[in-house]
Amino acid sequence: METVLKCENLSKKFGKRLILKDVSLELKKGDILGFIGPNGAGKTTTIKLILGLQGITSGTVYINGYDVQKNFTKAIEKVGAIVENPDMYMYLTGYENLKLVANLYKNVDKKRIDEVVKLVKLENRINDKVSKYSLGMRQRLGIAQAILHKPSLLILDEPTNGLDPEGIKEMRELLVELAQKEGMAILISSHNLAELDSFCNKICIIKNGQIIETSEISEMKNASHKNIHIFEVDNSEKAGKVIEEAVIISKTEFKVETEKENVPEIVNKLVKNAIKIYEIKEEQKSLEDAFLEKTGGNVID
């Protein structure tokens with residue numbers, strides 16, 4: 001797969017203060033990378049350096065093989081981005097907003113506008129004024145503006161901020177479709193781990209301006225052999241006295257974080273103590289669990 005975005009040892013100073021230190025990350029065609037970190041960790045600064053909105057102190061950004069500092073126009077021509085809130089004219093319709101953006105590019109015709117409207121599922125409301133749109137619809141219109149020119153890289157800074165669960169679900173489905181159908185590489189910055197868990201294939205964690213982890217999500221989750229096993233029994237309180245590491249969930253359920261190999265031994269103890277077992281299920285580790293394990297419990301706020 002071809003590399004769309006490559007950042008090498010990016011650093012940024014404001015005066016004497018070092019905000020970013022040696023940030024490196026890579027994104028290939030069709031990747032969805034979750035860029036995670038607490039507020040103030042350096043996510044937006046990194047994005048601004050990638051987009052050429054702030055000067056780089058040291059390091060290099062390549063987009064489609066072009067150096068952002070040496071060949072800005074070529075590097076940025078196939079990039080779509082929403083940093084903070086998407087800009088749009090509230091008194092115009094969604095379609096009129098898209099036409100205005102389309103005029104900035106040489107080869108965006110009516111056919112492409114209609115195609116994008118369909119992609120972001122705004123066909124029924126595209127001729128309404130933007131002031132009548134919900135926040136989720138405005139976010140989708142913002143993405144429509146960002147992808148009109150068929151970018152190979154789409155960068156979104158906190159795209160689900162303020163969205164309700166339905167809006168988040170729509171956004172998730174849209175981004176997966178863009179990565180799969182249009183082959184875009186997508187970088188999403190967020191501090192919501194649970195949200196990114198369901199649709200990103202790669203993860204990059206930044207803390208205090210430094211990258212502390214970059215990996216495939218599946219790899220990060222599987223790095224530990226310990227998994228949570230939930231036992232359904234007739235009396236969880238009694239089971240808790242027999243199994244030291246048991247965490248009681250309800251009257252009939254308890255959980256144990258342990259390797260799979262230890263489950264038969266737990267079953268044996270329960271049977272010996274006349275505790276009836278109705279079901280045992282393994283709970284897959286979430287991205288949040290894996291993250292907390294990795295950082296020793298430093299929560300993303």
# chains A, B, ... in the order shown; residues from 1 in each chain; ligands from 1

call {"tool": "residues_around", "arguments": {"residues": "A:Asn273", "least_positions_apart": "4", "cutoff": "12 Å", "atoms": "only C-alpha atoms", "output": "list in words"}}
result
Val233, Asp234, Asn235, Lys238, Ala239, Gly240, Lys241, Val242, Ile243, Ile266, Val267, Asn268, Lys269 and Ile277 of chain A

call {"tool": "write_last_selection", "arguments": {"atoms": "N, CA, C and O atoms", "output": "PDB file, in the first residue's frame"}}
result
ATOM      1  N   VAL A 233     -23.151 -17.753  37.780  1.00  0.00           N
ATOM      2  CA  VAL A 233     -23.269 -18.841  38.765  1.00  0.00           C
ATOM      3  C   VAL A 233     -24.553 -18.663  39.589  1.00  0.00           C
ATOM      4  O   VAL A 233     -25.266 -17.674  39.424  1.00  0.00           O
ATOM      5  N   ASP A 234     -24.822 -19.626  40.480  1.00  0.00           N
ATOM      6  CA  ASP A 234     -26.044 -19.486  41.283  1.00  0.00           C
ATOM      7  C   ASP A 234     -25.858 -18.533  42.470  1.00  0.00           C
ATOM      8  O   ASP A 234     -26.816 -17.954  42.961  1.00  0.00           O
ATOM      9  N   ASN A 235     -24.594 -18.332  42.904  1.00  0.00           N
ATOM     10  CA  ASN A 235     -24.356 -17.464  44.054  1.00  0.00           C
ATOM     11  C   ASN A 235     -22.967 -16.824  43.930  1.00  0.00           C
ATOM     12  O   ASN A 235     -21.956 -17.442  44.269  1.00  0.00           O
ATOM     13  N   LYS A 238     -20.852 -16.263  47.288  1.00  0.00           N
ATOM     14  CA  LYS A 238     -20.187 -17.484  47.744  1.00  0.00           C
ATOM     15  C   LYS A 238     -18.946 -17.754  46.878  1.00  0.00           C
ATOM     16  O   LYS A 238     -17.867 -18.114  47.377  1.00  0.00           O
ATOM     17  N   ALA A 239     -19.106 -17.520  45.566  1.00  0.00           N
ATOM     18  CA  ALA A 239     -17.982 -17.730  44.632  1.00  0.00           C
ATOM     19  C   ALA A 239     -16.834 -16.780  44.952  1.00  0.00           C
ATOM     20  O   ALA A 239     -15.653 -17.143  44.861  1.00  0.00           O
ATOM     21  N   GLY A 240     -17.191 -15.549  45.340  1.00  0.00           N
ATOM     22  CA  GLY A 240     -16.181 -14.538  45.677  1.00  0.00           C
ATOM     23  C   GLY A 240     -15.302 -14.950  46.841  1.00  0.00           C
ATOM     24  O   GLY A 240     -14.142 -14.560  46.926  1.00  0.00           O
ATOM     25  N   LYS A 241     -15.843 -15.755  47.739  1.00  0.00           N
ATOM     26  CA  LYS A 241     -15.069 -16.223  48.902  1.00  0.00           C
ATOM     27  C   LYS A 241     -14.102 -17.341  48.507  1.00  0.00           C
ATOM     28  O   LYS A 241     -13.076 -17.560  49.140  1.00  0.00           O
ATOM     29  N   VAL A 242     -14.454 -18.048  47.428  1.00  0.00           N
ATOM     30  CA  VAL A 242     -13.637 -19.180  46.960  1.00  0.00           C
ATOM     31  C   VAL A 242     -12.557 -18.704  45.987  1.00  0.00           C
ATOM     32  O   VAL A 242     -11.414 -19.166  46.020  1.00  0.00           O
ATOM     33  N   ILE A 243     -12.934 -17.774  45.105  1.00  0.00           N
ATOM     34  CA  ILE A 243     -12.000 -17.268  44.076  1.00  0.00           C
ATOM     35  C   ILE A 243     -11.521 -15.872  44.501  1.00  0.00           C
ATOM     36  O   ILE A 243     -12.266 -14.897  44.420  1.00  0.00           O
ATOM     37  N   ILE A 266     -10.346 -22.528  37.916  1.00  0.00           N
ATOM     38  CA  ILE A 266     -11.412 -21.770  38.600  1.00  0.00           C
ATOM     39  C   ILE A 266     -12.694 -22.599  38.620  1.00  0.00           C
ATOM     40  O   ILE A 266     -13.376 -22.696  39.642  1.00  0.00           O
ATOM     41  N   VAL A 267     -12.991 -23.232  37.476  1.00  0.00           N
ATOM     42  CA  VAL A 267     -14.189 -24.073  37.362  1.00  0.00           C
ATOM     43  C   VAL A 267     -14.126 -25.203  38.397  1.00  0.00           C
ATOM     44  O   VAL A 267     -15.096 -25.485  39.108  1.00  0.00           O
ATOM     45  N   ASN A 268     -12.960 -25.810  38.488  1.00  0.00           N
ATOM     46  CA  ASN A 268     -12.737 -26.911  39.431  1.00  0.00           C
ATOM     47  C   ASN A 268     -13.038 -26.489  40.875  1.00  0.00           C
ATOM     48  O   ASN A 268     -13.733 -27.183  41.614  1.00  0.00           O
ATOM     49  N   LYS A 269     -12.525 -25.303  41.261  1.00  0.00           N
ATOM     50  CA  LYS A 269     -12.741 -24.782  42.618  1.00  0.00           C
ATOM     51  C   LYS A 269     -14.229 -24.552  42.874  1.00  0.00           C
ATOM     52  O   LYS A 269     -14.741 -24.849  43.955  1.00  0.00           O
ATOM     53  N   ILE A 277     -22.411 -23.572  37.904  1.00  0.00           N
ATOM     54  CA  ILE A 277     -21.941 -22.673  36.832  1.00  0.00           C
ATOM     55  C   ILE A 277     -22.914 -22.801  35.657  1.00  0.00           C
ATOM     56  O   ILE A 277     -23.160 -23.891  35.157  1.00  0.00           O
TER      57      ILE A 277
END

call {"tool": "residues_around", "arguments": {"residues": "A:Ile203", "least_positions_apart": "2", "cutoff": "12 Å", "atoms": "only C-alpha atoms", "output": "VMD selection string"}}
result
chain A and resid 25 to 27 31 to 37 186 to 191 193 196 to 201 205 to 206 211 to 221 287 to 288 290 to 291

call {"tool": "write_last_selection", "arguments": {"atoms": "C-alpha atoms", "output": "compact mmCIF listing (two decimals), in the first residue's frame"}}
result
# COMPACT_ATOMS: atom_id res chain seq x y z
CA LEU A 25 3.70 8.80 12.18
CA GLU A 26 2.74 7.17 8.88
CA LEU A 27 -0.55 6.69 7.05
CA ASP A 31 -5.94 3.60 6.72
CA ILE A 32 -8.02 5.21 9.45
CA LEU A 33 -5.63 6.36 12.15
CA GLY A 34 -6.94 7.40 15.56
CA PHE A 35 -4.67 10.14 16.91
CA ILE A 36 -5.32 10.07 20.65
CA GLY A 37 -4.19 12.16 23.56
CA ILE A 186 -7.93 9.40 7.25
CA LEU A 187 -6.37 10.89 10.36
CA ILE A 188 -8.80 11.56 13.22
CA SER A 189 -7.72 13.32 16.36
CA SER A 190 -9.79 12.59 19.45
CA HIS A 191 -9.66 11.99 23.17
CA LEU A 193 -11.02 6.03 22.98
CA LEU A 196 -12.34 5.26 17.81
CA ASP A 197 -12.19 1.60 18.87
CA SER A 198 -14.99 0.64 16.50
CA PHE A 199 -13.65 1.94 13.20
CA CYS A 200 -9.94 2.84 13.25
CA ASN A 201 -7.39 0.24 12.17
CA ILE A 205 -1.06 7.97 21.24
CA ILE A 206 0.50 11.32 22.10
CA ILE A 211 4.34 9.76 20.81
CA ILE A 212 4.15 6.98 23.39
CA GLU A 213 2.57 4.27 21.20
CA THR A 214 1.88 3.59 17.53
CA SER A 215 0.36 0.30 16.44
CA GLU A 216 -2.43 -1.57 14.74
CA ILE A 217 -5.45 -1.55 17.08
CA SER A 218 -5.72 -5.36 16.92
CA GLU A 219 -2.05 -5.70 17.92
CA MET A 220 -2.43 -3.35 20.84
CA LYS A 221 -5.46 -5.22 22.16
CA LEU A 287 -8.98 -0.12 23.36
CA GLU A 288 -9.40 1.74 26.65
CA ALA A 290 -5.30 -1.82 26.43
CA PHE A 291 -4.42 1.87 26.67

call {"tool": "select_by_dssp", "arguments": {"residues": "stretch 76-267 of chain A", "states": "helix (DSSP H, G or I)", "output": "ChimeraX atom specification"}}
result
/A:76,94-102,110-119,130-132,135-147,165-181,193-197,217-222,236-242,260-267

call {"tool": "closest_residue", "arguments": {"among": "A:Ile275, A:Ile47, A:His229, A:Leu53", "to": "A:Val263", "atoms": "only C-alpha atoms"}}
result
A:His229

call {"tool": "closest_residue", "arguments": {"among": "A:Leu141, A:Ile168, A:Ala41, A:Leu153", "to": "A:Glu2", "atoms": "only C-alpha atoms"}}
result
A:Leu153

call {"tool": "closest_residue", "arguments": {"among": "A:Ile50, A:Leu156, A:Ala146, A:Ile126", "to": "A:Tyr105", "atoms": "only C-alpha atoms"}}
result
A:Ala146

call {"tool": "closest_residue", "arguments": {"among": "A:Glu166, A:Asp67, A:Glu257, A:Glu282", "to": "A:Glu244", "atoms": "only C-alpha atoms"}}
result
A:Glu257

call {"tool": "closest_residue", "arguments": {"among": "A:Gly209, A:Arg125, A:Glu232, A:Lys28", "to": "A:Lys12", "atoms": "only C-alpha atoms"}}
result
A:Gly209

call {"tool": "residues_around", "arguments": {"residues": "A:Ala81", "least_positions_apart": "5", "cutoff": "9 Å", "atoms": "only C-alpha atoms", "output": "list in words"}}
result
Leu51, Pro86, Gly142, Ile143, Ala146, Ile147, Leu153, Leu154, Ile155, Leu156 and Asp157 of chain A

call {"tool": "write_last_selection", "arguments": {"atoms": "all heavy atoms", "output": "PDB file, in the first residue's frame"}}
result
ATOM      1  N   LEU A  51      -0.548  20.481   8.018  1.00  0.00           N
ATOM      2  CA  LEU A  51      -1.278  21.283   7.027  1.00  0.00           C
ATOM      3  C   LEU A  51      -0.554  22.579   6.649  1.00  0.00           C
ATOM      4  O   LEU A  51      -1.068  23.363   5.847  1.00  0.00           O
ATOM      5  CB  LEU A  51      -2.671  21.624   7.562  1.00  0.00           C
ATOM      6  CG  LEU A  51      -3.617  20.437   7.787  1.00  0.00           C
ATOM      7  CD1 LEU A  51      -4.862  20.875   8.520  1.00  0.00           C
ATOM      8  CD2 LEU A  51      -3.983  19.775   6.462  1.00  0.00           C
ATOM      9  N   PRO A  86     -16.115  23.299  11.011  1.00  0.00           N
ATOM     10  CA  PRO A  86     -16.132  23.586   9.574  1.00  0.00           C
ATOM     11  C   PRO A  86     -16.751  24.961   9.308  1.00  0.00           C
ATOM     12  O   PRO A  86     -17.727  25.343   9.953  1.00  0.00           O
ATOM     13  CB  PRO A  86     -17.016  22.468   8.989  1.00  0.00           C
ATOM     14  CG  PRO A  86     -17.757  21.880  10.126  1.00  0.00           C
ATOM     15  CD  PRO A  86     -16.957  22.153  11.359  1.00  0.00           C
ATOM     16  N   GLY A 142     -19.575  19.673   6.270  1.00  0.00           N
ATOM     17  CA  GLY A 142     -18.155  20.047   6.384  1.00  0.00           C
ATOM     18  C   GLY A 142     -17.263  19.006   5.717  1.00  0.00           C
ATOM     19  O   GLY A 142     -16.320  19.332   4.993  1.00  0.00           O
ATOM     20  N   ILE A 143     -17.583  17.731   5.946  1.00  0.00           N
ATOM     21  CA  ILE A 143     -16.804  16.650   5.320  1.00  0.00           C
ATOM     22  C   ILE A 143     -17.022  16.667   3.810  1.00  0.00           C
ATOM     23  O   ILE A 143     -16.083  16.491   3.035  1.00  0.00           O
ATOM     24  CB  ILE A 143     -17.154  15.292   5.944  1.00  0.00           C
ATOM     25  CG1 ILE A 143     -16.555  15.239   7.354  1.00  0.00           C
ATOM     26  CG2 ILE A 143     -16.623  14.130   5.111  1.00  0.00           C
ATOM     27  CD1 ILE A 143     -16.822  13.984   8.132  1.00  0.00           C
ATOM     28  N   ALA A 146     -14.798  19.125   2.388  1.00  0.00           N
ATOM     29  CA  ALA A 146     -13.391  18.703   2.465  1.00  0.00           C
ATOM     30  C   ALA A 146     -13.029  17.630   1.441  1.00  0.00           C
ATOM     31  O   ALA A 146     -11.854  17.456   1.122  1.00  0.00           O
ATOM     32  CB  ALA A 146     -13.086  18.196   3.880  1.00  0.00           C
ATOM     33  N   ILE A 147     -14.036  16.888   0.925  1.00  0.00           N
ATOM     34  CA  ILE A 147     -13.701  15.782   0.007  1.00  0.00           C
ATOM     35  C   ILE A 147     -14.117  16.037  -1.440  1.00  0.00           C
ATOM     36  O   ILE A 147     -13.977  15.152  -2.283  1.00  0.00           O
ATOM     37  CB  ILE A 147     -14.315  14.437   0.489  1.00  0.00           C
ATOM     38  CG1 ILE A 147     -15.853  14.489   0.490  1.00  0.00           C
ATOM     39  CG2 ILE A 147     -13.777  14.054   1.852  1.00  0.00           C
ATOM     40  CD1 ILE A 147     -16.534  13.165   0.780  1.00  0.00           C
ATOM     41  N   LEU A 153      -5.835  12.363   1.324  1.00  0.00           N
ATOM     42  CA  LEU A 153      -5.672  12.451   2.778  1.00  0.00           C
ATOM     43  C   LEU A 153      -6.763  13.342   3.362  1.00  0.00           C
ATOM     44  O   LEU A 153      -6.978  14.459   2.892  1.00  0.00           O
ATOM     45  CB  LEU A 153      -4.288  13.038   3.119  1.00  0.00           C
ATOM     46  CG  LEU A 153      -3.996  13.329   4.598  1.00  0.00           C
ATOM     47  CD1 LEU A 153      -3.976  12.046   5.434  1.00  0.00           C
ATOM     48  CD2 LEU A 153      -2.661  14.067   4.749  1.00  0.00           C
ATOM     49  N   LEU A 154      -7.462  12.817   4.367  1.00  0.00           N
ATOM     50  CA  LEU A 154      -8.494  13.598   5.053  1.00  0.00           C
ATOM     51  C   LEU A 154      -8.107  13.692   6.527  1.00  0.00           C
ATOM     52  O   LEU A 154      -7.853  12.687   7.186  1.00  0.00           O
ATOM     53  CB  LEU A 154      -9.857  12.901   4.909  1.00  0.00           C
ATOM     54  CG  LEU A 154     -11.060  13.562   5.587  1.00  0.00           C
ATOM     55  CD1 LEU A 154     -11.337  14.946   5.001  1.00  0.00           C
ATOM     56  CD2 LEU A 154     -12.310  12.691   5.449  1.00  0.00           C
ATOM     57  N   ILE A 155      -8.041  14.929   7.031  1.00  0.00           N
ATOM     58  CA  ILE A 155      -7.642  15.157   8.426  1.00  0.00           C
ATOM     59  C   ILE A 155      -8.795  15.804   9.177  1.00  0.00           C
ATOM     60  O   ILE A 155      -9.308  16.843   8.767  1.00  0.00           O
ATOM     61  CB  ILE A 155      -6.381  16.051   8.494  1.00  0.00           C
ATOM     62  CG1 ILE A 155      -5.192  15.316   7.853  1.00  0.00           C
ATOM     63  CG2 ILE A 155      -6.061  16.432   9.932  1.00  0.00           C
ATOM     64  CD1 ILE A 155      -3.904  16.108   7.819  1.00  0.00           C
ATOM     65  N   LEU A 156      -9.200  15.173  10.271  1.00  0.00           N
ATOM     66  CA  LEU A 156     -10.330  15.673  11.053  1.00  0.00           C
ATOM     67  C   LEU A 156      -9.916  15.847  12.508  1.00  0.00           C
ATOM     68  O   LEU A 156      -9.445  14.910  13.142  1.00  0.00           O
ATOM     69  CB  LEU A 156     -11.507  14.687  10.969  1.00  0.00           C
ATOM     70  CG  LEU A 156     -11.984  14.326   9.554  1.00  0.00           C
ATOM     71  CD1 LEU A 156     -12.985  13.189   9.599  1.00  0.00           C
ATOM     72  CD2 LEU A 156     -12.597  15.539   8.862  1.00  0.00           C
ATOM     73  N   ASP A 157     -10.100  17.053  13.024  1.00  0.00           N
ATOM     74  CA  ASP A 157      -9.740  17.359  14.403  1.00  0.00           C
ATOM     75  C   ASP A 157     -10.996  17.311  15.261  1.00  0.00           C
ATOM     76  O   ASP A 157     -11.877  18.161  15.111  1.00  0.00           O
ATOM     77  CB  ASP A 157      -9.093  18.754  14.451  1.00  0.00           C
ATOM     78  CG  ASP A 157      -8.428  19.047  15.781  1.00  0.00           C
ATOM     79  OD1 ASP A 157      -8.251  18.107  16.573  1.00  0.00           O
ATOM     80  OD2 ASP A 157      -8.083  20.220  16.023  1.00  0.00           O
TER      81      ASP A 157
END

call {"tool": "residues_around", "arguments": {"residues": "A:Asn9", "least_positions_apart": "3", "cutoff": "8 Å", "atoms": "only C-alpha atoms", "output": "count of residues only"}}
result
7

call {"tool": "closest_residue", "arguments": {"among": "A:Asp87, A:Glu237, A:Glu182, A:Glu158", "to": "A:Arg138", "atoms": "only C-alpha atoms"}}
result
A:Asp87

call {"tool": "residues_around", "arguments": {"residues": "A:Phe72", "least_positions_apart": "4", "cutoff": "10 Å", "atoms": "only C-alpha atoms", "output": "ChimeraX atom specification"}}
result
/A:51-52,62-63,66-68,76-77

call {"tool": "select_by_dssp", "arguments": {"residues": "stretch 52-300 of chain A", "states": "strand (DSSP E or B)", "output": "PyMOL selection string"}}
result
chain A and resi 58-63+66-67+79-82+93+129+153-157+185-190+202-207+210-216+227-233+247-248+253-258+277-283

call {"tool": "atom_distance", "arguments": {"atom1": "atom CA of A:Gly40", "atom2": "atom CA of A:Lys6"}}
result
22.4 Å

call {"tool": "residues_around", "arguments": {"residues": "A:Val256", "least_positions_apart": "5", "cutoff": "7 Å", "atoms": "only C-alpha atoms", "output": "ChimeraX atom specification"}}
result
/A:228-230,245-247

call {"tool": "atom_distance", "arguments": {"atom1": "atom CA of A:Glu283", "atom2": "atom CA of A:Phe231"}}
result
10.7 Å

call {"tool": "residues_around", "arguments": {"residues": "A:Val120", "least_positions_apart": "2", "cutoff": "10 Å", "atoms": "only C-alpha atoms", "output": "ChimeraX atom specification"}}
result
/A:115-118,122-123,137,139-144,170-171,173-175,177-178

call {"tool": "atom_distance", "arguments": {"atom1": "atom CA of A:Gly65", "atom2": "atom CA of A:Ala102"}}
result
25.3 Å
